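Engineer: Take a look at the following structure, please.
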There are 2 protein chains.
Amino acid sequence: MQPQQTLFYEGDPAEFLFNVTGGMIRVHKLLADGRRQVTGFLYPGDFVGLAVHDNYAYTAETVVATSVCRFPRTKLHALMREMPHLENRMLSMASNELIEAQDQMLLLGRKTAQEKIASFLLMISRRAGRRGQSDNPIHLPMGRTDIADFLGLTTETVSRVFTQLKTSGAIRLLDNSRVQLSDMRALGATAQGS
Amino acid sequence: MQPQQTLFYEGDPAEFLFNVTGGMIRVHKLLADGRRQVTGFLYPGDFVGLAVHDNYAYTAETVVATSVCRFPRTKLHALMREMPHLENRMLSMASNELIEAQDQMLLLGRKTAQEKIASFLLMISRRAGRRGQSDNPIHLPMGRTDIADFLGLTTETVSRVFTQLKTSGAIRLLDNSRVQLSDMRALGATAQGS
DNA sequence: CGATCCGTTGAGGTGCGTCAACGGGAGTGG
DNA sequence: CCACTCCCGTTGACGCACCTCAACGGATCG
């Protein structure tokens, strides 16, 4: 799929379950007046559309060129009966997502802009490392608007904090989508609350 | 269990899975300097400790006098093999929690104080109704500090918004723990963004 | 070369936090 | 039964972190 394409919209009947096999998916929710909260960025291996309900609870879009595997949800029950292992694995993934969601709530509800950005950079680095990719410098396929809507900030604030972290020597901005984490210790301290 | 007692702390080895049978559980995470994010209030029927990992990712405490059912997690796998239905049910509950978590992210990241409080009151009302209890006036067993830490606000702001909603006629404060939702339509509008 | 998009930077405003004081209810001890 | 204290919710005054509005620059594309 091409960049910035929609897999499904919030409220659509939830017919399919997707598995990301390449690229990046962005998931978000909207308020009536257009305010947006990005609730997650999904990497290869992640599932989208885990909803048990009849309709999707969020919109899913590609960030960059992305490939996905699509299962009809009607076949899911049958599939799980054949592979009991699968249900276990999905419960495990859902639990992991729940833990990440709680971390994100802590970030959104209680962290400052600097702490949010530092936490975000470290999270991206950790994920890249877990996927066996170079985790420094890190790659940020999403734009400033996506980062802002993920962290509950504005693009201007994201930009300013990047500049502050650059000035303080914690990071280096190689280009708009590549960031070198020069001082992991400082970033870690900032992420937790200076 | 008595009010304000701890079931387990964040980081403790996750030995047990709990099922709330009465009262209310509060779940939270802390930053190093003491800032707190309450990530959920659990009612009878809800599970606590669904973590797949070896350690709890959050602290769980009682809000009021509470009764729980405790399962050793080591027996959980065996139990799920006996009752395949159970695993299905837990996946379903985890998915529901994920959807609620995403709603909460939207609230924390993008809603104003008024919108947060209105959303909170409506959520409590909805939950009470779903459990077959009177949903108006609603009962708030938790204190202002808990509400503030759940919504990413301070107690002062919570108090001020309650007063504003009271003045505007949307609610009536019967006492510190009982709130009458006088104008559901106005509350609904406020919750979404005026 | 003009147009558009995106990130950055600056100036000013504001919603909510901080700090402080007050009041009522509950528990305690005399 | 009455002081005294403690705790919690409320209210006010003030400050600040972040938002808003605006302008600018570089990259990309026709």
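Following the order of the structure tokens, chains are lettered A, B, ..., residues in each are numbered from 1, and ligands are numbered from 1.
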Neighbouring residues of Gly40 in chain B were defined as those with any atom within 10 Å, considering only C-alpha atoms (C1' of nucleotides); residues of the same chain fewer than 4 positions away were excluded. Please report them as a PyMOL selection string.
Structural biologist: (chain A and resi 102) or (chain B and resi 25-28+60+97+100-101+104+146+150)
Engineer: So that I can check the surroundings of Leu17 in chain A, please list as a ChimeraX atom specification every protein, DNA and RNA residue that reaches within 9 Å of it, counting only C-alpha atoms (C1' of nucleotides) and ignoring chain neighbours fewer than 3 positions away.
Structural biologist: /A:14,47-51,69-73,76
Engineer: Could you work out which residues of chain A fall inside 9 Å of chain C? Count only C-alpha atoms (C1' of nucleotides), and format the result as a ChimeraX atom specification.
Structural biologist: /A:143-144,155-156,159-160,163,176
Engineer: Would you please give, as a PDB file with all heavy atoms, in the first residue's frame, all residues of range 32-115 of chain A that DSSP assigns to alpha helix (DSSP H) based on the backbone?
Structural biologist:
```pdb
ATOM      1  N   LEU A  76     -11.747 -16.206  11.688  1.00  0.00           N
ATOM      2  CA  LEU A  76     -10.797 -16.168  12.796  1.00  0.00           C
ATOM      3  C   LEU A  76     -11.120 -17.232  13.835  1.00  0.00           C
ATOM      4  O   LEU A  76     -10.232 -17.944  14.316  1.00  0.00           O
ATOM      5  CB  LEU A  76     -10.811 -14.776  13.443  1.00  0.00           C
ATOM      6  CG  LEU A  76      -9.684 -14.536  14.443  1.00  0.00           C
ATOM      7  CD1 LEU A  76      -8.330 -14.635  13.747  1.00  0.00           C
ATOM      8  CD2 LEU A  76      -9.847 -13.191  15.118  1.00  0.00           C
ATOM      9  N   HIS A  77     -12.398 -17.357  14.160  1.00  0.00           N
ATOM     10  CA  HIS A  77     -12.778 -18.334  15.175  1.00  0.00           C
ATOM     11  C   HIS A  77     -12.385 -19.747  14.739  1.00  0.00           C
ATOM     12  O   HIS A  77     -11.831 -20.518  15.522  1.00  0.00           O
ATOM     13  CB  HIS A  77     -14.288 -18.263  15.457  1.00  0.00           C
ATOM     14  CG  HIS A  77     -14.637 -17.199  16.432  1.00  0.00           C
ATOM     15  ND1 HIS A  77     -14.174 -17.221  17.730  1.00  0.00           N
ATOM     16  CD2 HIS A  77     -15.369 -16.076  16.323  1.00  0.00           C
ATOM     17  CE1 HIS A  77     -14.615 -16.165  18.369  1.00  0.00           C
ATOM     18  NE2 HIS A  77     -15.342 -15.433  17.538  1.00  0.00           N
ATOM     19  N   ALA A  78     -12.672 -20.039  13.486  1.00  0.00           N
ATOM     20  CA  ALA A  78     -12.312 -21.350  12.974  1.00  0.00           C
ATOM     21  C   ALA A  78     -10.801 -21.549  13.035  1.00  0.00           C
ATOM     22  O   ALA A  78     -10.304 -22.593  13.481  1.00  0.00           O
ATOM     23  CB  ALA A  78     -12.801 -21.490  11.523  1.00  0.00           C
ATOM     24  N   LEU A  79     -10.110 -20.519  12.630  1.00  0.00           N
ATOM     25  CA  LEU A  79      -8.651 -20.587  12.617  1.00  0.00           C
ATOM     26  C   LEU A  79      -8.102 -20.837  14.027  1.00  0.00           C
ATOM     27  O   LEU A  79      -7.176 -21.619  14.224  1.00  0.00           O
ATOM     28  CB  LEU A  79      -8.090 -19.273  12.069  1.00  0.00           C
ATOM     29  CG  LEU A  79      -6.666 -19.323  11.511  1.00  0.00           C
ATOM     30  CD1 LEU A  79      -6.599 -20.227  10.299  1.00  0.00           C
ATOM     31  CD2 LEU A  79      -6.186 -17.919  11.163  1.00  0.00           C
ATOM     32  N   MET A  80      -8.727 -20.183  15.011  1.00  0.00           N
ATOM     33  CA  MET A  80      -8.239 -20.336  16.379  1.00  0.00           C
ATOM     34  C   MET A  80      -8.552 -21.724  16.918  1.00  0.00           C
ATOM     35  O   MET A  80      -7.843 -22.242  17.762  1.00  0.00           O
ATOM     36  CB  MET A  80      -8.848 -19.260  17.284  1.00  0.00           C
ATOM     37  CG  MET A  80      -8.264 -17.878  16.998  1.00  0.00           C
ATOM     38  SD  MET A  80      -8.465 -16.696  18.308  1.00  0.00           S
ATOM     39  CE  MET A  80     -10.235 -16.573  18.415  1.00  0.00           C
ATOM     40  N   ARG A  81      -9.639 -22.315  16.408  1.00  0.00           N
ATOM     41  CA  ARG A  81      -9.956 -23.664  16.870  1.00  0.00           C
ATOM     42  C   ARG A  81      -8.919 -24.655  16.328  1.00  0.00           C
ATOM     43  O   ARG A  81      -8.521 -25.582  17.017  1.00  0.00           O
ATOM     44  CB  ARG A  81     -11.379 -24.057  16.420  1.00  0.00           C
ATOM     45  CG  ARG A  81     -12.220 -24.618  17.581  1.00  0.00           C
ATOM     46  CD  ARG A  81     -13.684 -24.615  17.203  1.00  0.00           C
ATOM     47  NE  ARG A  81     -14.168 -23.248  17.015  1.00  0.00           N
ATOM     48  CZ  ARG A  81     -15.172 -22.919  16.208  1.00  0.00           C
ATOM     49  NH1 ARG A  81     -15.784 -23.835  15.490  1.00  0.00           N
ATOM     50  NH2 ARG A  81     -15.558 -21.659  16.114  1.00  0.00           N
ATOM     51  N   GLU A  82      -8.480 -24.403  15.094  1.00  0.00           N
ATOM     52  CA  GLU A  82      -7.447 -25.272  14.519  1.00  0.00           C
ATOM     53  C   GLU A  82      -6.116 -25.093  15.226  1.00  0.00           C
ATOM     54  O   GLU A  82      -5.389 -26.042  15.446  1.00  0.00           O
ATOM     55  CB  GLU A  82      -7.269 -24.962  13.019  1.00  0.00           C
ATOM     56  CG  GLU A  82      -8.401 -25.458  12.146  1.00  0.00           C
ATOM     57  CD  GLU A  82      -8.193 -25.008  10.710  1.00  0.00           C
ATOM     58  OE1 GLU A  82      -7.026 -24.887  10.287  1.00  0.00           O
ATOM     59  OE2 GLU A  82      -9.197 -24.744  10.024  1.00  0.00           O
ATOM     60  N   PRO A  84      -4.867 -23.706  18.535  1.00  0.00           N
ATOM     61  CA  PRO A  84      -5.086 -23.158  19.887  1.00  0.00           C
ATOM     62  C   PRO A  84      -3.911 -22.285  20.315  1.00  0.00           C
ATOM     63  O   PRO A  84      -4.066 -21.379  21.126  1.00  0.00           O
ATOM     64  CB  PRO A  84      -5.196 -24.414  20.756  1.00  0.00           C
ATOM     65  CG  PRO A  84      -4.607 -25.520  19.955  1.00  0.00           C
ATOM     66  CD  PRO A  84      -4.772 -25.158  18.518  1.00  0.00           C
ATOM     67  N   HIS A  85      -2.775 -22.589  19.737  1.00  0.00           N
ATOM     68  CA  HIS A  85      -1.593 -21.778  19.982  1.00  0.00           C
ATOM     69  C   HIS A  85      -1.851 -20.316  19.627  1.00  0.00           C
ATOM     70  O   HIS A  85      -1.404 -19.399  20.306  1.00  0.00           O
ATOM     71  CB  HIS A  85      -0.454 -22.323  19.118  1.00  0.00           C
ATOM     72  CG  HIS A  85       0.877 -21.917  19.598  1.00  0.00           C
ATOM     73  ND1 HIS A  85       1.371 -22.317  20.823  1.00  0.00           N
ATOM     74  CD2 HIS A  85       1.834 -21.121  19.050  1.00  0.00           C
ATOM     75  CE1 HIS A  85       2.574 -21.790  20.996  1.00  0.00           C
ATOM     76  NE2 HIS A  85       2.874 -21.070  19.943  1.00  0.00           N
ATOM     77  N   LEU A  86      -2.606 -20.103  18.559  1.00  0.00           N
ATOM     78  CA  LEU A  86      -2.836 -18.758  18.038  1.00  0.00           C
ATOM     79  C   LEU A  86      -3.572 -17.874  19.047  1.00  0.00           C
ATOM     80  O   LEU A  86      -3.194 -16.722  19.275  1.00  0.00           O
ATOM     81  CB  LEU A  86      -3.658 -18.852  16.749  1.00  0.00           C
ATOM     82  CG  LEU A  86      -3.980 -17.541  16.063  1.00  0.00           C
ATOM     83  CD1 LEU A  86      -2.704 -16.855  15.605  1.00  0.00           C
ATOM     84  CD2 LEU A  86      -4.915 -17.752  14.884  1.00  0.00           C
ATOM     85  N   GLU A  87      -4.598 -18.448  19.658  1.00  0.00           N
ATOM     86  CA  GLU A  87      -5.363 -17.653  20.611  1.00  0.00           C
ATOM     87  C   GLU A  87      -4.468 -17.211  21.769  1.00  0.00           C
ATOM     88  O   GLU A  87      -4.522 -16.070  22.222  1.00  0.00           O
ATOM     89  CB  GLU A  87      -6.550 -18.475  21.138  1.00  0.00           C
ATOM     90  CG  GLU A  87      -7.496 -17.638  21.981  1.00  0.00           C
ATOM     91  CD  GLU A  87      -8.847 -18.311  22.118  1.00  0.00           C
ATOM     92  OE1 GLU A  87      -8.922 -19.538  21.977  1.00  0.00           O
ATOM     93  OE2 GLU A  87      -9.818 -17.584  22.394  1.00  0.00           O
ATOM     94  N   ASN A  88      -3.641 -18.127  22.215  1.00  0.00           N
ATOM     95  CA  ASN A  88      -2.710 -17.820  23.289  1.00  0.00           C
ATOM     96  C   ASN A  88      -1.806 -16.668  22.890  1.00  0.00           C
ATOM     97  O   ASN A  88      -1.595 -15.720  23.656  1.00  0.00           O
ATOM     98  CB  ASN A  88      -1.876 -19.082  23.574  1.00  0.00           C
ATOM     99  CG  ASN A  88      -1.227 -19.010  24.931  1.00  0.00           C
ATOM    100  OD1 ASN A  88      -0.691 -17.972  25.297  1.00  0.00           O
ATOM    101  ND2 ASN A  88      -1.282 -20.100  25.669  1.00  0.00           N
ATOM    102  N   ARG A  89      -1.316 -16.756  21.667  1.00  0.00           N
ATOM    103  CA  ARG A  89      -0.401 -15.720  21.193  1.00  0.00           C
ATOM    104  C   ARG A  89      -1.107 -14.367  21.101  1.00  0.00           C
ATOM    105  O   ARG A  89      -0.538 -13.324  21.402  1.00  0.00           O
ATOM    106  CB  ARG A  89       0.125 -16.135  19.815  1.00  0.00           C
ATOM    107  CG  ARG A  89       1.129 -15.189  19.227  1.00  0.00           C
ATOM    108  CD  ARG A  89       1.780 -15.798  17.981  1.00  0.00           C
ATOM    109  NE  ARG A  89       2.050 -14.778  16.987  1.00  0.00           N
ATOM    110  CZ  ARG A  89       3.047 -13.888  17.099  1.00  0.00           C
ATOM    111  NH1 ARG A  89       3.827 -13.925  18.140  1.00  0.00           N
ATOM    112  NH2 ARG A  89       3.241 -12.983  16.163  1.00  0.00           N
ATOM    113  N   MET A  90      -2.357 -14.395  20.698  1.00  0.00           N
ATOM    114  CA  MET A  90      -3.075 -13.130  20.572  1.00  0.00           C
ATOM    115  C   MET A  90      -3.385 -12.532  21.942  1.00  0.00           C
ATOM    116  O   MET A  90      -3.339 -11.315  22.125  1.00  0.00           O
ATOM    117  CB  MET A  90      -4.361 -13.351  19.784  1.00  0.00           C
ATOM    118  CG  MET A  90      -4.067 -13.709  18.340  1.00  0.00           C
ATOM    119  SD  MET A  90      -5.506 -13.643  17.292  1.00  0.00           S
ATOM    120  CE  MET A  90      -5.960 -11.938  17.439  1.00  0.00           C
ATOM    121  N   LEU A  91      -3.684 -13.381  22.919  1.00  0.00           N
ATOM    122  CA  LEU A  91      -3.887 -12.883  24.276  1.00  0.00           C
ATOM    123  C   LEU A  91      -2.618 -12.242  24.799  1.00  0.00           C
ATOM    124  O   LEU A  91      -2.636 -11.180  25.425  1.00  0.00           O
ATOM    125  CB  LEU A  91      -4.313 -14.040  25.192  1.00  0.00           C
ATOM    126  CG  LEU A  91      -4.572 -13.682  26.647  1.00  0.00           C
ATOM    127  CD1 LEU A  91      -5.632 -12.584  26.748  1.00  0.00           C
ATOM    128  CD2 LEU A  91      -5.007 -14.904  27.444  1.00  0.00           C
ATOM    129  N   SER A  92      -1.519 -12.880  24.498  1.00  0.00           N
ATOM    130  CA  SER A  92      -0.234 -12.347  24.929  1.00  0.00           C
ATOM    131  C   SER A  92       0.047 -10.997  24.286  1.00  0.00           C
ATOM    132  O   SER A  92       0.509 -10.058  24.947  1.00  0.00           O
ATOM    133  CB  SER A  92       0.853 -13.364  24.577  1.00  0.00           C
ATOM    134  OG  SER A  92       2.090 -12.743  24.424  1.00  0.00           O
ATOM    135  N   MET A  93      -0.254 -10.878  22.989  1.00  0.00           N
ATOM    136  CA  MET A  93      -0.021  -9.608  22.320  1.00  0.00           C
ATOM    137  C   MET A  93      -0.956  -8.522  22.846  1.00  0.00           C
ATOM    138  O   MET A  93      -0.562  -7.362  23.011  1.00  0.00           O
ATOM    139  CB  MET A  93      -0.212  -9.771  20.809  1.00  0.00           C
ATOM    140  CG  MET A  93       0.814 -10.694  20.199  1.00  0.00           C
ATOM    141  SD  MET A  93       0.843 -10.584  18.398  1.00  0.00           S
ATOM    142  CE  MET A  93       1.473  -8.923  18.166  1.00  0.00           C
ATOM    143  N   ALA A  94      -2.198  -8.904  23.129  1.00  0.00           N
ATOM    144  CA  ALA A  94      -3.135  -7.928  23.668  1.00  0.00           C
ATOM    145  C   ALA A  94      -2.663  -7.435  25.031  1.00  0.00           C
ATOM    146  O   ALA A  94      -2.740  -6.239  25.337  1.00  0.00           O
ATOM    147  CB  ALA A  94      -4.527  -8.544  23.777  1.00  0.00           C
ATOM    148  N   SER A  95      -2.139  -8.346  25.849  1.00  0.00           N
ATOM    149  CA  SER A  95      -1.631  -7.940  27.162  1.00  0.00           C
ATOM    150  C   SER A  95      -0.472  -6.975  27.031  1.00  0.00           C
ATOM    151  O   SER A  95      -0.376  -5.982  27.765  1.00  0.00           O
ATOM    152  CB  SER A  95      -1.190  -9.175  27.953  1.00  0.00           C
ATOM    153  OG  SER A  95      -2.285 -10.015  28.205  1.00  0.00           O
ATOM    154  N   ASN A  96       0.408  -7.269  26.088  1.00  0.00           N
ATOM    155  CA  ASN A  96       1.526  -6.354  25.860  1.00  0.00           C
ATOM    156  C   ASN A  96       1.039  -4.984  25.435  1.00  0.00           C
ATOM    157  O   ASN A  96       1.544  -3.960  25.908  1.00  0.00           O
ATOM    158  CB  ASN A  96       2.449  -6.919  24.781  1.00  0.00           C
ATOM    159  CG  ASN A  96       3.425  -7.919  25.352  1.00  0.00           C
ATOM    160  OD1 ASN A  96       3.844  -7.793  26.503  1.00  0.00           O
ATOM    161  ND2 ASN A  96       3.784  -8.909  24.568  1.00  0.00           N
ATOM    162  N   GLU A  97       0.058  -4.977  24.551  1.00  0.00           N
ATOM    163  CA  GLU A  97      -0.484  -3.692  24.113  1.00  0.00           C
ATOM    164  C   GLU A  97      -1.098  -2.925  25.273  1.00  0.00           C
ATOM    165  O   GLU A  97      -0.999  -1.704  25.359  1.00  0.00           O
ATOM    166  CB  GLU A  97      -1.544  -3.914  23.025  1.00  0.00           C
ATOM    167  CG  GLU A  97      -0.973  -4.016  21.641  1.00  0.00           C
ATOM    168  CD  GLU A  97      -2.070  -3.983  20.584  1.00  0.00           C
ATOM    169  OE1 GLU A  97      -2.757  -2.966  20.471  1.00  0.00           O
ATOM    170  OE2 GLU A  97      -2.244  -4.998  19.883  1.00  0.00           O
ATOM    171  N   LEU A  98      -1.735  -3.667  26.185  1.00  0.00           N
ATOM    172  CA  LEU A  98      -2.332  -3.015  27.346  1.00  0.00           C
ATOM    173  C   LEU A  98      -1.278  -2.348  28.213  1.00  0.00           C
ATOM    174  O   LEU A  98      -1.464  -1.238  28.707  1.00  0.00           O
ATOM    175  CB  LEU A  98      -3.097  -4.043  28.190  1.00  0.00           C
ATOM    176  CG  LEU A  98      -4.582  -4.132  27.899  1.00  0.00           C
ATOM    177  CD1 LEU A  98      -5.223  -5.249  28.692  1.00  0.00           C
ATOM    178  CD2 LEU A  98      -5.245  -2.793  28.240  1.00  0.00           C
ATOM    179  N   ILE A  99      -0.158  -3.026  28.393  1.00  0.00           N
ATOM    180  CA  ILE A  99       0.919  -2.449  29.202  1.00  0.00           C
ATOM    181  C   ILE A  99       1.460  -1.200  28.534  1.00  0.00           C
ATOM    182  O   ILE A  99       1.684  -0.172  29.178  1.00  0.00           O
ATOM    183  CB  ILE A  99       2.023  -3.500  29.412  1.00  0.00           C
ATOM    184  CG1 ILE A  99       1.508  -4.580  30.369  1.00  0.00           C
ATOM    185  CG2 ILE A  99       3.287  -2.864  29.948  1.00  0.00           C
ATOM    186  CD1 ILE A  99       2.415  -5.765  30.498  1.00  0.00           C
ATOM    187  N   GLU A 100       1.655  -1.285  27.220  1.00  0.00           N
ATOM    188  CA  GLU A 100       2.121  -0.099  26.498  1.00  0.00           C
ATOM    189  C   GLU A 100       1.103   1.028  26.592  1.00  0.00           C
ATOM    190  O   GLU A 100       1.460   2.203  26.714  1.00  0.00           O
ATOM    191  CB  GLU A 100       2.379  -0.443  25.024  1.00  0.00           C
ATOM    192  CG  GLU A 100       3.693  -1.165  24.810  1.00  0.00           C
ATOM    193  CD  GLU A 100       3.864  -1.590  23.361  1.00  0.00           C
ATOM    194  OE1 GLU A 100       3.299  -0.935  22.467  1.00  0.00           O
ATOM    195  OE2 GLU A 100       4.570  -2.584  23.112  1.00  0.00           O
ATOM    196  N   ALA A 101      -0.169   0.671  26.533  1.00  0.00           N
ATOM    197  CA  ALA A 101      -1.218   1.690  26.629  1.00  0.00           C
ATOM    198  C   ALA A 101      -1.153   2.396  27.981  1.00  0.00           C
ATOM    199  O   ALA A 101      -1.336   3.609  28.069  1.00  0.00           O
ATOM    200  CB  ALA A 101      -2.586   1.068  26.422  1.00  0.00           C
ATOM    201  N   GLN A 102      -0.865   1.643  29.028  1.00  0.00           N
ATOM    202  CA  GLN A 102      -0.783   2.262  30.350  1.00  0.00           C
ATOM    203  C   GLN A 102       0.432   3.176  30.457  1.00  0.00           C
ATOM    204  O   GLN A 102       0.363   4.247  31.064  1.00  0.00           O
ATOM    205  CB  GLN A 102      -0.753   1.178  31.429  1.00  0.00           C
ATOM    206  CG  GLN A 102      -2.129   0.556  31.634  1.00  0.00           C
ATOM    207  CD  GLN A 102      -2.069  -0.799  32.271  1.00  0.00           C
ATOM    208  OE1 GLN A 102      -0.998  -1.351  32.500  1.00  0.00           O
ATOM    209  NE2 GLN A 102      -3.239  -1.363  32.570  1.00  0.00           N
ATOM    210  N   ASP A 103       1.537   2.753  29.864  1.00  0.00           N
ATOM    211  CA  ASP A 103       2.694   3.642  29.813  1.00  0.00           C
ATOM    212  C   ASP A 103       2.342   4.941  29.096  1.00  0.00           C
ATOM    213  O   ASP A 103       2.739   6.031  29.520  1.00  0.00           O
ATOM    214  CB  ASP A 103       3.862   2.962  29.080  1.00  0.00           C
ATOM    215  CG  ASP A 103       4.551   1.930  29.946  1.00  0.00           C
ATOM    216  OD1 ASP A 103       4.467   2.044  31.177  1.00  0.00           O
ATOM    217  OD2 ASP A 103       5.175   1.015  29.391  1.00  0.00           O
ATOM    218  N   GLN A 104       1.602   4.801  28.019  1.00  0.00           N
ATOM    219  CA  GLN A 104       1.234   5.978  27.238  1.00  0.00           C
ATOM    220  C   GLN A 104       0.296   6.888  28.039  1.00  0.00           C
ATOM    221  O   GLN A 104       0.375   8.110  27.929  1.00  0.00           O
ATOM    222  CB  GLN A 104       0.579   5.543  25.928  1.00  0.00           C
ATOM    223  CG  GLN A 104       0.367   6.647  24.916  1.00  0.00           C
ATOM    224  CD  GLN A 104       1.672   7.177  24.341  1.00  0.00           C
ATOM    225  OE1 GLN A 104       2.758   6.721  24.668  1.00  0.00           O
ATOM    226  NE2 GLN A 104       1.555   8.180  23.486  1.00  0.00           N
ATOM    227  N   MET A 105      -0.581   6.295  28.843  1.00  0.00           N
ATOM    228  CA  MET A 105      -1.454   7.119  29.689  1.00  0.00           C
ATOM    229  C   MET A 105      -0.626   7.921  30.686  1.00  0.00           C
ATOM    230  O   MET A 105      -0.885   9.105  30.908  1.00  0.00           O
ATOM    231  CB  MET A 105      -2.440   6.224  30.449  1.00  0.00           C
ATOM    232  CG  MET A 105      -3.520   5.622  29.587  1.00  0.00           C
ATOM    233  SD  MET A 105      -4.731   4.752  30.623  1.00  0.00           S
ATOM    234  CE  MET A 105      -4.946   3.265  29.695  1.00  0.00           C
ATOM    235  N   LEU A 106       0.362   7.259  31.273  1.00  0.00           N
ATOM    236  CA  LEU A 106       1.250   7.975  32.202  1.00  0.00           C
ATOM    237  C   LEU A 106       1.930   9.126  31.477  1.00  0.00           C
ATOM    238  O   LEU A 106       2.004  10.248  31.988  1.00  0.00           O
ATOM    239  CB  LEU A 106       2.293   7.002  32.772  1.00  0.00           C
ATOM    240  CG  LEU A 106       3.351   7.590  33.703  1.00  0.00           C
ATOM    241  CD1 LEU A 106       2.720   8.192  34.948  1.00  0.00           C
ATOM    242  CD2 LEU A 106       4.390   6.538  34.104  1.00  0.00           C
ATOM    243  N   LEU A 107       2.401   8.855  30.270  1.00  0.00           N
ATOM    244  CA  LEU A 107       3.052   9.898  29.476  1.00  0.00           C
ATOM    245  C   LEU A 107       2.100  11.055  29.184  1.00  0.00           C
ATOM    246  O   LEU A 107       2.433  12.215  29.417  1.00  0.00           O
ATOM    247  CB  LEU A 107       3.584   9.275  28.177  1.00  0.00           C
ATOM    248  CG  LEU A 107       4.299  10.180  27.187  1.00  0.00           C
ATOM    249  CD1 LEU A 107       5.354   9.406  26.418  1.00  0.00           C
ATOM    250  CD2 LEU A 107       3.339  10.825  26.193  1.00  0.00           C
ATOM    251  N   LEU A 108       0.918  10.721  28.695  1.00  0.00           N
ATOM    252  CA  LEU A 108      -0.023  11.766  28.276  1.00  0.00           C
ATOM    253  C   LEU A 108      -0.544  12.568  29.464  1.00  0.00           C
ATOM    254  O   LEU A 108      -0.737  13.779  29.369  1.00  0.00           O
ATOM    255  CB  LEU A 108      -1.201  11.136  27.535  1.00  0.00           C
ATOM    256  CG  LEU A 108      -0.887  10.566  26.148  1.00  0.00           C
ATOM    257  CD1 LEU A 108      -2.066   9.761  25.626  1.00  0.00           C
ATOM    258  CD2 LEU A 108      -0.533  11.691  25.192  1.00  0.00           C
ATOM    259  N   GLY A 109      -0.758  11.878  30.588  1.00  0.00           N
ATOM    260  CA  GLY A 109      -1.400  12.548  31.712  1.00  0.00           C
ATOM    261  C   GLY A 109      -0.451  13.292  32.607  1.00  0.00           C
ATOM    262  O   GLY A 109      -0.834  14.295  33.220  1.00  0.00           O
ATOM    263  N   ARG A 110       0.802  12.851  32.675  1.00  0.00           N
ATOM    264  CA  ARG A 110       1.666  13.377  33.731  1.00  0.00           C
ATOM    265  C   ARG A 110       3.031  13.859  33.289  1.00  0.00           C
ATOM    266  O   ARG A 110       3.762  14.428  34.093  1.00  0.00           O
ATOM    267  CB  ARG A 110       1.849  12.305  34.808  1.00  0.00           C
ATOM    268  CG  ARG A 110       0.594  12.079  35.655  1.00  0.00           C
ATOM    269  CD  ARG A 110       0.175  13.350  36.307  1.00  0.00           C
ATOM    270  NE  ARG A 110      -0.979  13.266  37.190  1.00  0.00           N
ATOM    271  CZ  ARG A 110      -1.812  14.288  37.380  1.00  0.00           C
ATOM    272  NH1 ARG A 110      -1.629  15.422  36.729  1.00  0.00           N
ATOM    273  NH2 ARG A 110      -2.839  14.173  38.195  1.00  0.00           N
ATOM    274  N   ALA A 113       6.485  18.223  28.211  1.00  0.00           N
ATOM    275  CA  ALA A 113       6.805  18.093  26.788  1.00  0.00           C
ATOM    276  C   ALA A 113       8.185  17.460  26.609  1.00  0.00           C
ATOM    277  O   ALA A 113       8.352  16.550  25.792  1.00  0.00           O
ATOM    278  CB  ALA A 113       6.735  19.456  26.104  1.00  0.00           C
ATOM    279  N   GLN A 114       9.173  17.928  27.369  1.00  0.00           N
ATOM    280  CA  GLN A 114      10.520  17.362  27.257  1.00  0.00           C
ATOM    281  C   GLN A 114      10.514  15.883  27.599  1.00  0.00           C
ATOM    282  O   GLN A 114      11.123  15.061  26.897  1.00  0.00           O
ATOM    283  CB  GLN A 114      11.467  18.105  28.217  1.00  0.00           C
ATOM    284  CG  GLN A 114      11.808  19.515  27.787  1.00  0.00           C
ATOM    285  CD  GLN A 114      13.308  19.799  27.934  1.00  0.00           C
ATOM    286  OE1 GLN A 114      14.113  18.873  28.080  1.00  0.00           O
ATOM    287  NE2 GLN A 114      13.677  21.069  27.877  1.00  0.00           N
ATOM    288  N   GLU A 115       9.835  15.525  28.682  1.00  0.00           N
ATOM    289  CA  GLU A 115       9.773  14.127  29.093  1.00  0.00           C
ATOM    290  C   GLU A 115       9.069  13.276  28.037  1.00  0.00           C
ATOM    291  O   GLU A 115       9.464  12.138  27.774  1.00  0.00           O
ATOM    292  CB  GLU A 115       9.061  14.012  30.444  1.00  0.00           C
ATOM    293  CG  GLU A 115       9.841  14.613  31.599  1.00  0.00           C
ATOM    294  CD  GLU A 115       8.980  14.889  32.819  1.00  0.00           C
ATOM    295  OE1 GLU A 115       7.790  14.539  32.802  1.00  0.00           O
ATOM    296  OE2 GLU A 115       9.502  15.471  33.792  1.00  0.00           O
TER     297      GLU A 115
END
```
Engineer: Write out as number ranges by chain the residues lying within 12 Å of Arg127 in chain A, counting only C-alpha atoms (C1' of nucleotides) and excluding same-chain residues fewer than 5 positions away.
Structural biologist: A: 41-46, 100, 120-122, 132-136, 138-140
Engineer: Let me make sure I understand: among B:Val161, B:Ala32, B:Lys75, B:Leu151, which one has the smallest atom-to-atom distance to Lys111 in chain B if we use only C-alpha atoms?
Structural biologist: B:Leu151
